[in-house]
Amino acid sequence: MRVDSRAIELGGLTKAYGPVVGIESLSLTVDEGEVFGFLGPNGAGKTTTLRCLTGLLRPTAGRVRVLGLDPVRDHRRLAGALGYLPGELRLYPELTGAQTLDLLCSLQGVPAPSRGALCERLGLTDPVLRRTVGGYSRGMKQKLGLVQALQHDPRLVVLDEPTEGLDPLVQETFFELMAETVAAGRTVLLSSHVLPEVQRACGRVAIVREGRLVTVESVAALREARARRIRLDFGDGKGARPLGRADQWAPRWAGDRVELLVPPVEVVRALRSLLAMGVADVTVEEAGLDEAFLDLYRNGSGTGTGTGTGNGNGTVREEP
């Protein structure tokens with residue numbers, strides 16, 4: 001297989017379902033060796049894009065290259081280098097866990113050197129693997145899905161809602177696996193509606209809305225450019241009150257405490273006026289990725305060019 005420094009290259013990717021456009025003119029690149037986030041709410045086109053990347057859908061127009069190959073035309077050549085966990089994992093209920101992993105490994109056409117270690121770390125013991133998948137809980141099925149996506153040490157891993165149904169301890173193991181995957185020089189494309197999860201794992205993200213690209217940017221730059229969270233505690237028992245010009249930033253009151261999301265260029269001016277009101281305590285925090293995401297969606301900002309640089313618990317939902 002050809003060595004390529006770009007794990008993914010999309011040029012004007014468009015997929016239409018008759019009159020309905022799933023994704024339109026999407027252009028972006030993902031470098032090898034990075035964890036790249038893919039964000040958007042219901043109907044944004046994320047799952048359509050992932051299916052085009054993995055060769056499950058044929059694009060209506062545009063160019064798609066995955067590890068230098070066309071995922072439709074070169075599907076067999078690409079299969080062994082690609083790991084994919086779909087958002088809605090469907091398994092044969094009559095097969096055991098072990099039989100399921102064997103079947104999927106045979107379809108990939110390559111050995112599975114990491115299966116044993118992955119099963120051990122994710123708690124898929126031999127007795128569990130001997131049981132039929134139909135009796136698995138949602139979390140156990142998701143663990144099995146992660147193993148099948150990673151067991152053959154693929155160069156590119158495409159994950160759609162990978163922590164869905166996993167308990168917090170297993171989620172920690174997942175993040176460890178992602179860090180190890182990238183440390184080994186492989187690439188991860190992570191699509192998730194859990195924004196703090198993306199913030200923790202990803203260096204760069206693409207945000208799509210209504211089938212079009214909003215922006216591609218580093219997580220750090222998105223957070224830096226967006227609002228700051230200011231928390232004030234008046235501590236005088238008087239409750240909510242007018243805040244003058246600061247009322248434009250939709251203050252959220254809880255007794256004498258209030259929280260505002262203020263644009264970076266307004267923070268100093270806002271603090272000067274607010275502190276003059278007799279505040280007992282104040283904190284200023286950099287906004288998280290969830291605030292950045294919501295800000296982009298509310299304001300419709302972003303270049304939409306796909307040329308971005310750089311290598312609380314907000315959620316958005318995904319289309320089927």
# chains A, B, ... in the order shown; residues from 1 in each chain; ligands from 1
call {"tool": "residues_around", "arguments": {"residues": "Leu271 (chain A)", "least_positions_apart": "2", "cutoff": "10 Å", "atoms": "only C-alpha atoms", "output": "PyMOL selection string"}}
result
chain A and resi 230+232+246+262+266-269+273-276+282+284
call {"tool": "write_last_selection", "arguments": {"atoms": "C-alpha atoms", "output": "mmCIF file, in the first residue's frame"}}
result
data_model
loop_
_atom_site.group_PDB
_atom_site.id
_atom_site.type_symbol
_atom_site.label_atom_id
_atom_site.label_comp_id
_atom_site.auth_asym_id
_atom_site.auth_seq_id
_atom_site.Cartn_x
_atom_site.Cartn_y
_atom_site.Cartn_z
ATOM 1 C CA ILE A 230 -17.344 34.748 34.184
ATOM 2 C CA LEU A 232 -19.803 36.293 40.111
ATOM 3 C CA ALA A 246 -23.640 42.845 30.923
ATOM 4 C CA VAL A 262 -18.448 37.069 27.514
ATOM 5 C CA GLU A 266 -15.168 42.435 26.190
ATOM 6 C CA VAL A 267 -13.843 40.667 29.290
ATOM 7 C CA VAL A 268 -11.775 43.532 30.762
ATOM 8 C CA ARG A 269 -14.486 46.127 30.190
ATOM 9 C CA SER A 273 -18.276 47.489 35.448
ATOM 10 C CA LEU A 274 -19.271 44.299 37.266
ATOM 11 C CA LEU A 275 -16.699 44.608 40.033
ATOM 12 C CA ALA A 276 -17.970 48.117 40.737
ATOM 13 C CA VAL A 282 -15.278 36.392 40.878
ATOM 14 C CA VAL A 284 -12.919 33.854 34.936
#
call {"tool": "select_by_dssp", "arguments": {"residues": "region 111-262 of chain A", "states": "strand (DSSP E or B)", "output": "PyMOL selection string"}}
result
chain A and resi 132+156-160+187-191+194+204-209+212-218+228-233+252-254+257-262
call {"tool": "closest_atom_pairs", "arguments": {"of": "region 197-285 of chain A", "to": "region 47-58 of chain A", "cutoff": "12 Å", "atoms": "only C-alpha atoms", "output": "CSV"}}
result
residue,atom,partner,partner_atom,distance
A:Ala206,CA,A:Thr49,CA,11.8
A:Val208,CA,A:Thr49,CA,10.3
A:Glu210,CA,A:Thr48,CA,11.8
A:Gly211,CA,A:Thr48,CA,9.2
A:Arg212,CA,A:Thr49,CA,10.9
A:Leu213,CA,A:Thr49,CA,11.3
call {"tool": "write_last_selection", "arguments": {"atoms": "C-alpha atoms", "output": "mmCIF file, in the first residue's frame"}}
result
data_model
loop_
_atom_site.group_PDB
_atom_site.id
_atom_site.type_symbol
_atom_site.label_atom_id
_atom_site.label_comp_id
_atom_site.auth_asym_id
_atom_site.auth_seq_id
_atom_site.Cartn_x
_atom_site.Cartn_y
_atom_site.Cartn_z
ATOM 1 C CA ALA A 206 -14.130 19.851 11.785
ATOM 2 C CA VAL A 208 -20.390 20.610 9.935
ATOM 3 C CA GLU A 210 -26.732 21.182 7.433
ATOM 4 C CA GLY A 211 -24.378 19.240 5.177
ATOM 5 C CA ARG A 212 -21.741 21.961 4.881
ATOM 6 C CA LEU A 213 -18.431 22.607 6.572
#
call {"tool": "residues_around", "arguments": {"residues": "Arg204 (chain A)", "least_positions_apart": "3", "cutoff": "6 Å", "atoms": "only C-alpha atoms", "output": "mmCIF file with C-alpha atoms, in the first residue's frame"}}
result
data_model
loop_
_atom_site.group_PDB
_atom_site.id
_atom_site.type_symbol
_atom_site.label_atom_id
_atom_site.label_comp_id
_atom_site.auth_asym_id
_atom_site.auth_seq_id
_atom_site.Cartn_x
_atom_site.Cartn_y
_atom_site.Cartn_z
ATOM 1 C CA PHE A 36 -9.224 14.393 14.440
ATOM 2 C CA GLU A 217 -9.599 24.390 13.538
ATOM 3 C CA SER A 218 -7.451 23.261 16.430
ATOM 4 C CA VAL A 219 -9.370 22.712 19.667
ATOM 5 C CA ASN A 311 -2.391 20.125 14.535
#
call {"tool": "residues_around", "arguments": {"residues": "Gly33 (chain A)", "least_positions_apart": "4", "cutoff": "7 Å", "atoms": "only C-alpha atoms", "output": "list in words"}}
result
Val182, Gly185, Arg186 and Thr187 of chain A
call {"tool": "write_last_selection", "arguments": {"atoms": "N, CA and C atoms", "output": "CSV table (one decimal), in the first residue's frame"}}
result
chain,number,residue,atom,x,y,z
A,182,VAL,N,-2.3,6.7,18.5
A,182,VAL,CA,-1.6,7.9,17.9
A,182,VAL,C,-0.1,7.8,18.2
A,185,GLY,N,1.8,6.1,15.7
A,185,GLY,CA,1.9,6.7,14.3
A,185,GLY,C,0.6,6.4,13.5
A,186,ARG,N,-0.4,5.9,14.2
A,186,ARG,CA,-1.7,5.7,13.4
A,186,ARG,C,-2.6,6.9,13.6
A,187,THR,N,-3.7,6.8,12.9
A,187,THR,CA,-4.7,8.0,12.9
A,187,THR,C,-6.0,7.6,13.4
call {"tool": "atom_distance", "arguments": {"atom1": "CA of Phe38 (chain A)", "atom2": "CA of Val198 (chain A)"}}
result
8.5 Å
call {"tool": "select_by_dssp", "arguments": {"residues": "region 56-100 of chain A", "states": "helix (DSSP H, G or I)", "output": "number ranges by chain"}}
result
A: 75-79, 97-100
call {"tool": "write_last_selection", "arguments": {"atoms": "N, CA and C atoms", "output": "compact mmCIF listing (two decimals), in the first residue's frame"}}
result
# COMPACT_ATOMS: atom_id res chain seq x y z
N HIS A 75 -11.54 -0.88 -2.29
CA HIS A 75 -12.06 -1.30 -0.98
C HIS A 75 -11.30 -2.49 -0.40
N ARG A 76 -11.00 -3.50 -1.23
CA ARG A 76 -10.31 -4.69 -0.72
C ARG A 76 -8.91 -4.36 -0.23
N ARG A 77 -8.21 -3.51 -0.96
CA ARG A 77 -6.86 -3.13 -0.56
C ARG A 77 -6.86 -2.32 0.72
N LEU A 78 -7.92 -1.55 0.92
CA LEU A 78 -8.00 -0.66 2.07
C LEU A 78 -8.48 -1.37 3.34
N ALA A 79 -9.23 -2.45 3.18
CA ALA A 79 -9.93 -3.07 4.31
C ALA A 79 -9.00 -3.41 5.48
N GLY A 97 -19.23 -13.95 21.05
CA GLY A 97 -18.32 -12.83 20.90
C GLY A 97 -17.07 -13.22 20.13
N ALA A 98 -16.53 -14.39 20.44
CA ALA A 98 -15.32 -14.85 19.75
C ALA A 98 -15.59 -15.10 18.28
N GLN A 99 -16.74 -15.71 17.97
CA GLN A 99 -17.08 -15.96 16.56
C GLN A 99 -17.27 -14.65 15.80
N THR A 100 -17.83 -13.66 16.47
CA THR A 100 -18.01 -12.34 15.85
C THR A 100 -16.67 -11.72 15.49
call {"tool": "atom_distance", "arguments": {"atom1": "CA of Arg65 (chain A)", "atom2": "CA of Ser25 (chain A)"}}
result
14.7 Å
call {"tool": "residues_around", "arguments": {"residues": "Pro113 (chain A)", "least_positions_apart": "2", "cutoff": "12 Å", "atoms": "only C-alpha atoms", "output": "VMD selection string"}}
result
chain A and resid 105 110 to 111 115 to 119 147 to 148 150 to 154
call {"tool": "residues_around", "arguments": {"residues": "Asp281 (chain A)", "least_positions_apart": "5", "cutoff": "9 Å", "atoms": "only C-alpha atoms", "output": "list in words"}}
result
Arg231, Leu232, Asp233, Phe234 and Gly235 of chain A
call {"tool": "atom_distance", "arguments": {"atom1": "CA of Gly123 (chain A)", "atom2": "CA of Gly37 (chain A)"}}
result
26.5 Å
call {"tool": "decode", "arguments": {"residues": "region 93-193 of chain A", "atoms": "C-alpha atoms", "output": "mmCIF file, in the first residue's frame"}}
result
data_model
loop_
_atom_site.group_PDB
_atom_site.id
_atom_site.type_symbol
_atom_site.label_atom_id
_atom_site.label_comp_id
_atom_site.auth_asym_id
_atom_site.auth_seq_id
_atom_site.Cartn_x
_atom_site.Cartn_y
_atom_site.Cartn_z
ATOM 1 C CA PRO A 93 -27.141 -12.260 17.875
ATOM 2 C CA GLU A 94 -26.651 -16.015 17.354
ATOM 3 C CA LEU A 95 -22.842 -15.756 17.173
ATOM 4 C CA THR A 96 -20.612 -15.740 20.226
ATOM 5 C CA GLY A 97 -18.318 -12.826 20.897
ATOM 6 C CA ALA A 98 -15.322 -14.851 19.755
ATOM 7 C CA GLN A 99 -17.081 -15.959 16.562
ATOM 8 C CA THR A 100 -18.010 -12.345 15.851
ATOM 9 C CA LEU A 101 -14.397 -11.203 16.139
ATOM 10 C CA ASP A 102 -13.253 -14.102 13.950
ATOM 11 C CA LEU A 103 -15.829 -13.259 11.285
ATOM 12 C CA LEU A 104 -14.950 -9.563 11.169
ATOM 13 C CA CYS A 105 -11.244 -10.351 11.138
ATOM 14 C CA SER A 106 -11.735 -12.646 8.140
ATOM 15 C CA LEU A 107 -13.576 -9.863 6.320
ATOM 16 C CA GLN A 108 -10.652 -7.513 6.974
ATOM 17 C CA GLY A 109 -8.334 -10.144 5.543
ATOM 18 C CA VAL A 110 -5.478 -9.566 7.990
ATOM 19 C CA PRO A 111 -4.347 -11.074 11.324
ATOM 20 C CA ALA A 112 -5.550 -9.674 14.650
ATOM 21 C CA PRO A 113 -2.386 -9.427 16.781
ATOM 22 C CA SER A 114 -3.903 -7.090 19.391
ATOM 23 C CA ARG A 115 -7.157 -8.959 20.051
ATOM 24 C CA GLY A 116 -6.081 -10.684 23.262
ATOM 25 C CA ALA A 117 -4.657 -7.560 24.888
ATOM 26 C CA LEU A 118 -7.688 -5.479 23.904
ATOM 27 C CA CYS A 119 -10.163 -8.028 25.262
ATOM 28 C CA GLU A 120 -8.268 -8.193 28.534
ATOM 29 C CA ARG A 121 -8.178 -4.424 28.964
ATOM 30 C CA LEU A 122 -11.849 -4.025 28.115
ATOM 31 C CA GLY A 123 -13.016 -6.862 30.358
ATOM 32 C CA LEU A 124 -14.065 -9.263 27.604
ATOM 33 C CA THR A 125 -13.037 -12.462 29.386
ATOM 34 C CA ASP A 126 -13.095 -15.917 27.824
ATOM 35 C CA PRO A 127 -16.447 -16.814 29.461
ATOM 36 C CA VAL A 128 -17.944 -13.589 28.074
ATOM 37 C CA LEU A 129 -16.576 -14.276 24.585
ATOM 38 C CA ARG A 130 -18.109 -17.772 24.653
ATOM 39 C CA ARG A 131 -21.579 -16.318 25.180
ATOM 40 C CA THR A 132 -23.833 -15.387 22.266
ATOM 41 C CA VAL A 133 -23.920 -11.688 21.431
ATOM 42 C CA GLY A 134 -27.710 -11.637 21.709
ATOM 43 C CA GLY A 135 -27.300 -11.831 25.499
ATOM 44 C CA TYR A 136 -24.798 -8.966 25.710
ATOM 45 C CA SER A 137 -25.616 -5.639 27.305
ATOM 46 C CA ARG A 138 -25.229 -2.467 25.248
ATOM 47 C CA GLY A 139 -21.902 -1.743 26.911
ATOM 48 C CA MET A 140 -20.576 -5.239 26.191
ATOM 49 C CA LYS A 141 -21.537 -4.932 22.523
ATOM 50 C CA GLN A 142 -19.745 -1.594 22.358
ATOM 51 C CA LYS A 143 -16.607 -3.144 23.834
ATOM 52 C CA LEU A 144 -16.757 -5.870 21.208
ATOM 53 C CA GLY A 145 -17.134 -3.178 18.563
ATOM 54 C CA LEU A 146 -14.021 -1.403 19.804
ATOM 55 C CA VAL A 147 -12.023 -4.628 19.752
ATOM 56 C CA GLN A 148 -13.035 -5.434 16.155
ATOM 57 C CA ALA A 149 -12.081 -1.903 15.087
ATOM 58 C CA LEU A 150 -8.624 -2.068 16.696
ATOM 59 C CA GLN A 151 -7.661 -5.754 16.785
ATOM 60 C CA HIS A 152 -5.737 -5.698 13.484
ATOM 61 C CA ASP A 153 -3.708 -2.541 14.315
ATOM 62 C CA PRO A 154 -5.177 -0.485 11.448
ATOM 63 C CA ARG A 155 -3.425 2.611 10.140
ATOM 64 C CA LEU A 156 -6.694 4.554 10.272
ATOM 65 C CA VAL A 157 -9.464 4.096 12.833
ATOM 66 C CA VAL A 158 -12.877 5.669 12.157
ATOM 67 C CA LEU A 159 -15.048 5.801 15.276
ATOM 68 C CA ASP A 160 -18.671 6.947 15.380
ATOM 69 C CA GLU A 161 -19.870 7.560 18.965
ATOM 70 C CA PRO A 162 -17.294 5.137 20.403
ATOM 71 C CA THR A 163 -18.032 5.583 24.134
ATOM 72 C CA GLU A 164 -21.804 5.179 23.820
ATOM 73 C CA GLY A 165 -22.907 2.808 26.581
ATOM 74 C CA LEU A 166 -19.481 2.500 28.241
ATOM 75 C CA ASP A 167 -19.112 3.051 31.969
ATOM 76 C CA PRO A 168 -16.641 5.732 33.199
ATOM 77 C CA LEU A 169 -13.828 3.278 33.953
ATOM 78 C CA VAL A 170 -14.009 1.740 30.491
ATOM 79 C CA GLN A 171 -14.104 5.236 28.996
ATOM 80 C CA GLU A 172 -10.754 5.908 30.672
ATOM 81 C CA THR A 173 -9.373 2.778 29.026
ATOM 82 C CA PHE A 174 -10.716 4.032 25.700
ATOM 83 C CA PHE A 175 -8.798 7.302 26.017
ATOM 84 C CA GLU A 176 -5.647 5.367 26.871
ATOM 85 C CA LEU A 177 -6.112 3.259 23.735
ATOM 86 C CA MET A 178 -6.539 6.379 21.606
ATOM 87 C CA ALA A 179 -3.332 7.882 22.987
ATOM 88 C CA GLU A 180 -1.457 4.645 22.328
ATOM 89 C CA THR A 181 -2.851 4.410 18.795
ATOM 90 C CA VAL A 182 -1.569 7.865 17.901
ATOM 91 C CA ALA A 183 1.753 7.267 19.676
ATOM 92 C CA ALA A 184 2.217 4.301 17.327
ATOM 93 C CA GLY A 185 1.856 6.657 14.332
ATOM 94 C CA ARG A 186 -1.692 5.670 13.435
ATOM 95 C CA THR A 187 -4.656 7.996 12.862
ATOM 96 C CA VAL A 188 -8.064 8.311 14.510
ATOM 97 C CA LEU A 189 -11.145 10.067 13.126
ATOM 98 C CA LEU A 190 -13.493 10.508 16.074
ATOM 99 C CA SER A 191 -17.118 11.508 15.594
ATOM 100 C CA SER A 192 -18.909 12.130 18.880
ATOM 101 C CA HIS A 193 -21.751 14.169 20.336
#
